[in-house]
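Below: one structure, written as structure tokens.
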There are 2 protein chains.
Amino acid sequence: MAGSTSLLERFAAAVGDAHVLTDPELTLGYGTPWAAREGVAPLAVVRPADAGEAAAVLALCAERGQAVVPQGGNTGLVRGAAPGAGDVVLSTGRMGAIEAVDPVGLGVVVGAGVSLEELQARLEPEGLELALDIGARGQATLGGMAATNAGGARAFRHGTMRAHVSGIEAVLADGGRIERLGGVVKDATGYDWPSLLVGSEGTLAVITRLLLRLRRVERSRAAALVAVGSMAEALALAVALRDRPAGLEAAEFVLPGALRLVSEELGLRPPPGAGPDRVLALFETRAAAGAHDLLVDALAVAPAAAEAVVVEGADTADLWRYREGLGEALTQVDPLLKLDLSLPLANLAAGLAAIERAAREGQGGDAVEPFLFGHLLDGNVHVNLGGVAPGRVAAVTAAILDAVLHHGGSIGAEHGVGRAKAEWLERDRGGAEIAAMKRLKAALDPAGILNPGVLLPAP
Amino acid sequence: MAGSTSLLERFAAAVGDAHVLTDPELTLGYGTPWAAREGVAPLAVVRPADAGEAAAVLALCAERGQAVVPQGGNTGLVRGAAPGAGDVVLSTGRMGAIEAVDPVGLGVVVGAGVSLEELQARLEPEGLELALDIGARGQATLGGMAATNAGGARAFRHGTMRAHVSGIEAVLADGGRIERLGGVVKDATGYDWPSLLVGSEGTLAVITRLLLRLRRVERSRAAALVAVGSMAEALALAVALRDRPAGLEAAEFVLPGALRLVSEELGLRPPPGAGPDRVLALFETRAAAGAHDLLVDALAVAPAAAEAVVVEGADTADLWRYREGLGEALTQVDPLLKLDLSLPLANLAAGLAAIERAAREGQGGDAVEPFLFGHLLDGNVHVNLGGVAPGRVAAVTAAILDAVLHHGGSIGAEHGVGRAKAEWLERDRGGAEIAAMKRLKAALDPAGILNPGVLLPAP
């Protein structure tokens, strides 16, 4: 196609030959979501170095009505960064600078392509941190985490990514530029771009740099594993720990199927008290000093915690293996259906039971293998199901999302809507609300070139 | 005017006769901003009871192209809620319900018309709080605080209002309704209405209810007054306290002119060490227990704090008089020019000096009486100037705002842009950004009936 050749040449003029990839051997990885078995090679992958180059790329795409899929670490689960064969992927991989860390204003400016782990390594020697952590820290980029409003284990206390982005540089669909990185801590002027663009999943603009809020690291850490009799008990214990001055930073749960899987696949000894009718809870506390004693004291007054294992310092990593090792363990399950959901805390126990029921019903009554785990204090459930028949994936998904909405939950807790759940967002929200979202999208991207079909169904 | 009579009748049908005010004796107060000497009676004040009635009012206004000014406690400083003579004020005064407090999910649903003080009184017995406080707590409404993204003394630690609003109910210009109050803690689906509407100053929608984040109160409190030699010393001390595990919740500063005023007007004894070349710093710490010792220990290692007065418990209110008493003391200054600004921390000392210089220059070289104070750790400066000649108000304002922008600051730290600074927002931001803001406004309010002239200049 002469038209597309010419577009590719113009991309090359904007970002340099070496940064426009068209060879399917190179581009197929960009078109294959992290947890997916198969992908599609996009028309091209373009890798601008900065906002200026990204603006040039978007202006060219706008001129041609060419669909653009912004992509960071490609670790999402909802095909929010998954291109079609005719799409251009705009990769932020070259936007990799960590600019000066400001220990007085507690901020750092990073390129969208910096991984969370790279930032953590840069901040650690200075005693600073971004108070948000996710299992995919090695590959997930801060730009992608902002675009999807990533959450993780510490969000119940420190908020999701939205709470940590205080400034933004982004390129609009027409190549126009937004830049608000000056580091003013208190600013109530104008519509707040960070708030609007965080969580917009690449549909309103391409995020190129971020000003992130930092905090001082608390060096003393302790963790506990506690086997309790039910989700209700696990949640009550988590609330009790949260409401004491124990520095609670994480409160995770692992249900029996998931615990068995991770124990077998990683060769871990089942924790004391664990069993087929028990719920495993994992707590982490942090403090300037004495986190272990704080945690032990807090657990002592919580009756459900009779069988707690408490460790401190580097040993906390051993306990986290039961929770974070699930990512690795689940790679051994095929086929695997993954859903990321949340429930109001009042409905967490009932909602989990309903999700398991819905999975069986969606399967036509046949058994599935549920591997369920997540974050207690924000009701975030990671649903992983083995044994779903290929022809039943849609029915099982629908039954579960229905159950979640019925229990007042969210169909996307920390991965967003993507392409996978765009029609579900329409079901979840009122007509006035969806219409208003469509007007927002049209206002900033009138030609609809930015990640079409993501968040809102393609028109 | 037959047209407007008929509109008023239709308002009355929607909200009840008693809730459509047109008598200037009743409406003039709504048209007189809190800190202003004079006002204007609007066409009418309409007081809907809930979102349904507000939707009916807005639909009527949209049909007629009638401008609507949403109004809460009317405590702003930038004429963001100030109507013209032909405008309709939509008052949230009847949206006064505090719905069930959720101690597990740590949330509360409130009507937009609830005052901060009413909420504080309701939460206190339950040991819960909204971790945001402002001096105008008795009159300011939570809806207005959300619409303007209010800040206050605790924002450096807990964030401005945006960080505390997790759900919202709002009515769009066409009467369409947004409602997201379900209490899901972690939700990454769709464009985030709370984020977009908080700080939009009534230009995109009318906020009718809010879901607010709560936290457990820390009961032990201590406060310290410290006179230091310069703003740089005050800031360094504040950063040192913030970076220790001292539970710092407030770090305020009062410059000599303001300290003299508040001491004289309220009959307060000047604090030890205060003087014409000194900066008074006020710190508050909170903890589950032992806040006094934490503060004393933290001050001991901070060299600038030799002359600290430290008190605890109810006595902290005595120290706050030097800071919060300024609101009352300033009512004695006439004429008074008030500006609310912020500076990056790196430029705080230099920016303050530049502001004083700019004030004199704007006055044509003649002296002004500066009463300056604010929040150390977010760079928020409350500029109050006595003695500005009536003909010089615009020139002094312009010189100061210029100086703030030159130092990388914000022209509106916690009161927003309003009508007073709409042209300054255009100066502050790039053309692409202002154009994009106008497109957002037009997308949600195509007829431009919601608070025209606020935030963005009227077209």
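Ordering of the structure tokens sets the chain letters (A, B, ...), residue numbers begin anew at 1 in every chain, and ligands are numbered from 1 in the order given.
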Practice prompt. With a distance threshold of 7 Å and counting only C-alpha atoms, extract the residues of chain A near chain B and express them as a PyMOL selection string.
Written response: chain A and resi 104-105+148-149+163+176-178+182-192+195-196+199-200+216+239+243+245+288+342-345+378+380+408-410+412-417+432-433+436-437+439-440+443-444+455
Identify, with DSSP run on backbone atoms, the residues in stretch 328-436 of chain A assigned to strand (DSSP E or B), and express the list as a compact mmCIF listing (two decimals) with C-alpha atoms, in the first residue's frame.
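Result saved to states_35.txt:
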```txt
# COMPACT_ATOMS: atom_id res chain seq x y z
CA LEU A 336 -6.37 -20.16 32.29
CA LEU A 337 -9.08 -17.51 32.52
CA LYS A 338 -7.95 -14.35 34.39
CA LEU A 339 -10.25 -11.60 35.69
CA ASP A 340 -9.44 -8.63 37.90
CA LEU A 341 -12.40 -7.43 39.98
CA SER A 342 -13.28 -5.71 43.19
CA GLU A 369 -10.58 -25.01 39.20
CA PRO A 370 -10.70 -21.70 41.06
CA PHE A 371 -7.45 -20.02 42.09
CA LEU A 372 -8.59 -16.93 43.96
CA PHE A 373 -6.52 -14.39 45.87
CA GLY A 374 -6.24 -10.65 46.27
CA HIS A 375 -6.20 -7.64 48.57
CA ASN A 380 -9.71 -6.56 45.00
CA VAL A 381 -10.09 -10.17 43.86
CA HIS A 382 -7.80 -11.78 41.30
CA VAL A 383 -9.91 -14.48 39.75
CA ASN A 384 -7.98 -17.23 37.97
CA LEU A 385 -9.85 -20.23 36.69
CA GLY A 386 -8.41 -23.45 35.33
CA SER A 410 -16.16 -3.06 39.92
```
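Using only C-alpha atoms, the protein and nucleic acid residues lying no more than 7 Å from stretch 56-59 of chain B, apart from those fewer than 3 places from it along its own chain, are Phe11, Ala14, Gly52, Glu53, Ala62, Glu63, Ala173, Asp174 and Gly175 of chain B.
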Mind dumping the selected residues with C-alpha atoms as an mmCIF file, in the first residue's frame?
```cif
data_model
loop_
_atom_site.group_PDB
_atom_site.id
_atom_site.type_symbol
_atom_site.label_atom_id
_atom_site.label_comp_id
_atom_site.auth_asym_id
_atom_site.auth_seq_id
_atom_site.Cartn_x
_atom_site.Cartn_y
_atom_site.Cartn_z
ATOM 1 C CA PHE B 11 -38.476 26.576 38.951
ATOM 2 C CA ALA B 14 -39.683 21.841 40.251
ATOM 3 C CA GLY B 52 -33.490 15.010 40.916
ATOM 4 C CA GLU B 53 -34.625 18.568 41.602
ATOM 5 C CA ALA B 62 -30.419 24.608 29.427
ATOM 6 C CA GLU B 63 -33.656 25.065 27.489
ATOM 7 C CA ALA B 173 -25.771 20.743 32.189
ATOM 8 C CA ASP B 174 -28.453 18.880 30.265
ATOM 9 C CA GLY B 175 -29.930 17.393 33.431
#
```
Item to complete: Point out the residue among B:Arg137, B:His19, B:Arg10, B:Arg323 with the least atom-to-atom distance to B:Ala49, counting only C-alpha atoms.
Response: B:His19
Discussion item. So that I can check the surroundings of stretch 71-73 of chain B, please list as a ChimeraX atom specification every protein, DNA and RNA residue that reaches within 12 Å of it, counting only C-alpha atoms and ignoring chain neighbours fewer than 6 positions away.
Written reply: /B:29-34,45-48,79-83,87-96,111-117,136-148,201-203,206-208,450-451
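Atom pair atom CA of A:Ala308 / atom CA of A:Leu352: separated by 23.7 Å.
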Discussion item. As a list in words, please: every residue in stretch 350-407 of chain A that a backbone DSSP assignment puts in alpha helix (DSSP H).
Written reply: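 Answer for stretch 350-407 of chain A restricted to alpha helix (DSSP H) is Ala350, Gly351, Leu352, Ala353, Ala354, Ile355, Glu356, Arg357, Ala358, Ala359, Arg360, Glu361, Gly362, Val393, Ala394, Ala395, Val396, Thr397, Ala398, Ala399, Ile400, Leu401, Asp402, Ala403, Val404, Leu405 and His406 of chain A.
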Keeping C-alpha atoms for every residue in the selection just given, could you write it to a file as an mmCIF file, in the first residue's frame?
```
data_model
loop_
_atom_site.group_PDB
_atom_site.id
_atom_site.type_symbol
_atom_site.label_atom_id
_atom_site.label_comp_id
_atom_site.auth_asym_id
_atom_site.auth_seq_id
_atom_site.Cartn_x
_atom_site.Cartn_y
_atom_site.Cartn_z
ATOM 1 C CA ALA A 350 -20.693 -13.092 49.737
ATOM 2 C CA GLY A 351 -19.308 -11.833 46.427
ATOM 3 C CA LEU A 352 -16.479 -14.369 46.425
ATOM 4 C CA ALA A 353 -18.931 -17.206 46.964
ATOM 5 C CA ALA A 354 -21.098 -15.810 44.175
ATOM 6 C CA ILE A 355 -18.093 -15.652 41.830
ATOM 7 C CA GLU A 356 -17.316 -19.329 42.389
ATOM 8 C CA ARG A 357 -20.973 -20.204 41.821
ATOM 9 C CA ALA A 358 -21.130 -18.089 38.680
ATOM 10 C CA ALA A 359 -18.030 -19.785 37.288
ATOM 11 C CA ARG A 360 -19.648 -23.203 37.607
ATOM 12 C CA GLU A 361 -22.909 -21.970 36.115
ATOM 13 C CA GLY A 362 -21.082 -20.360 33.188
ATOM 14 C CA VAL A 393 -14.907 -18.616 28.271
ATOM 15 C CA ALA A 394 -17.424 -15.936 27.282
ATOM 16 C CA ALA A 395 -20.244 -17.480 29.312
ATOM 17 C CA VAL A 396 -18.084 -17.918 32.408
ATOM 18 C CA THR A 397 -16.749 -14.361 32.111
ATOM 19 C CA ALA A 398 -20.260 -12.970 31.705
ATOM 20 C CA ALA A 399 -21.634 -14.921 34.666
ATOM 21 C CA ILE A 400 -18.823 -13.672 36.907
ATOM 22 C CA LEU A 401 -19.026 -10.027 35.822
ATOM 23 C CA ASP A 402 -22.787 -10.161 36.306
ATOM 24 C CA ALA A 403 -22.280 -11.468 39.836
ATOM 25 C CA VAL A 404 -19.767 -8.714 40.562
ATOM 26 C CA LEU A 405 -22.105 -5.962 39.366
ATOM 27 C CA HIS A 406 -24.950 -7.569 41.309
#
```
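Going from atom CA of B:Val101 to atom CA of B:Leu123 covers 8.0 Å.
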Item to complete: May I ask which of the residues A:Val68, A:Ala51, A:Leu266, A:Val279 is the closest one to A:Gln332, counting only C-alpha atoms?
Response: A:Leu266
Fill in: Contacts of stretch 315-322 of chain B at 8 Å (only C-alpha atoms; same-chain gap of 2+ positions) as a list in words
Arg221, Ala222, Ala223, Ala224, Leu225, Leu259, Val262, Ser263, Leu268, Leu282, Glu284, Val311, Glu312, Gly313, Glu324, Gly325 and Leu326 of chain B
Worksheet item: Do you have the atom CA of A:Val368-atom CA of A:Pro271 distance handy?
Response: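 These two atoms are separated by 24.7 Å.
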Worksheet item: Any idea what's packed within 8 Å of B:Arg213, counting only C-alpha atoms, ignoring anything in its chain fewer than 6 positions away? Could you give it as a PyMOL selection string?
Response: chain B and resi 106-108+130+164-166
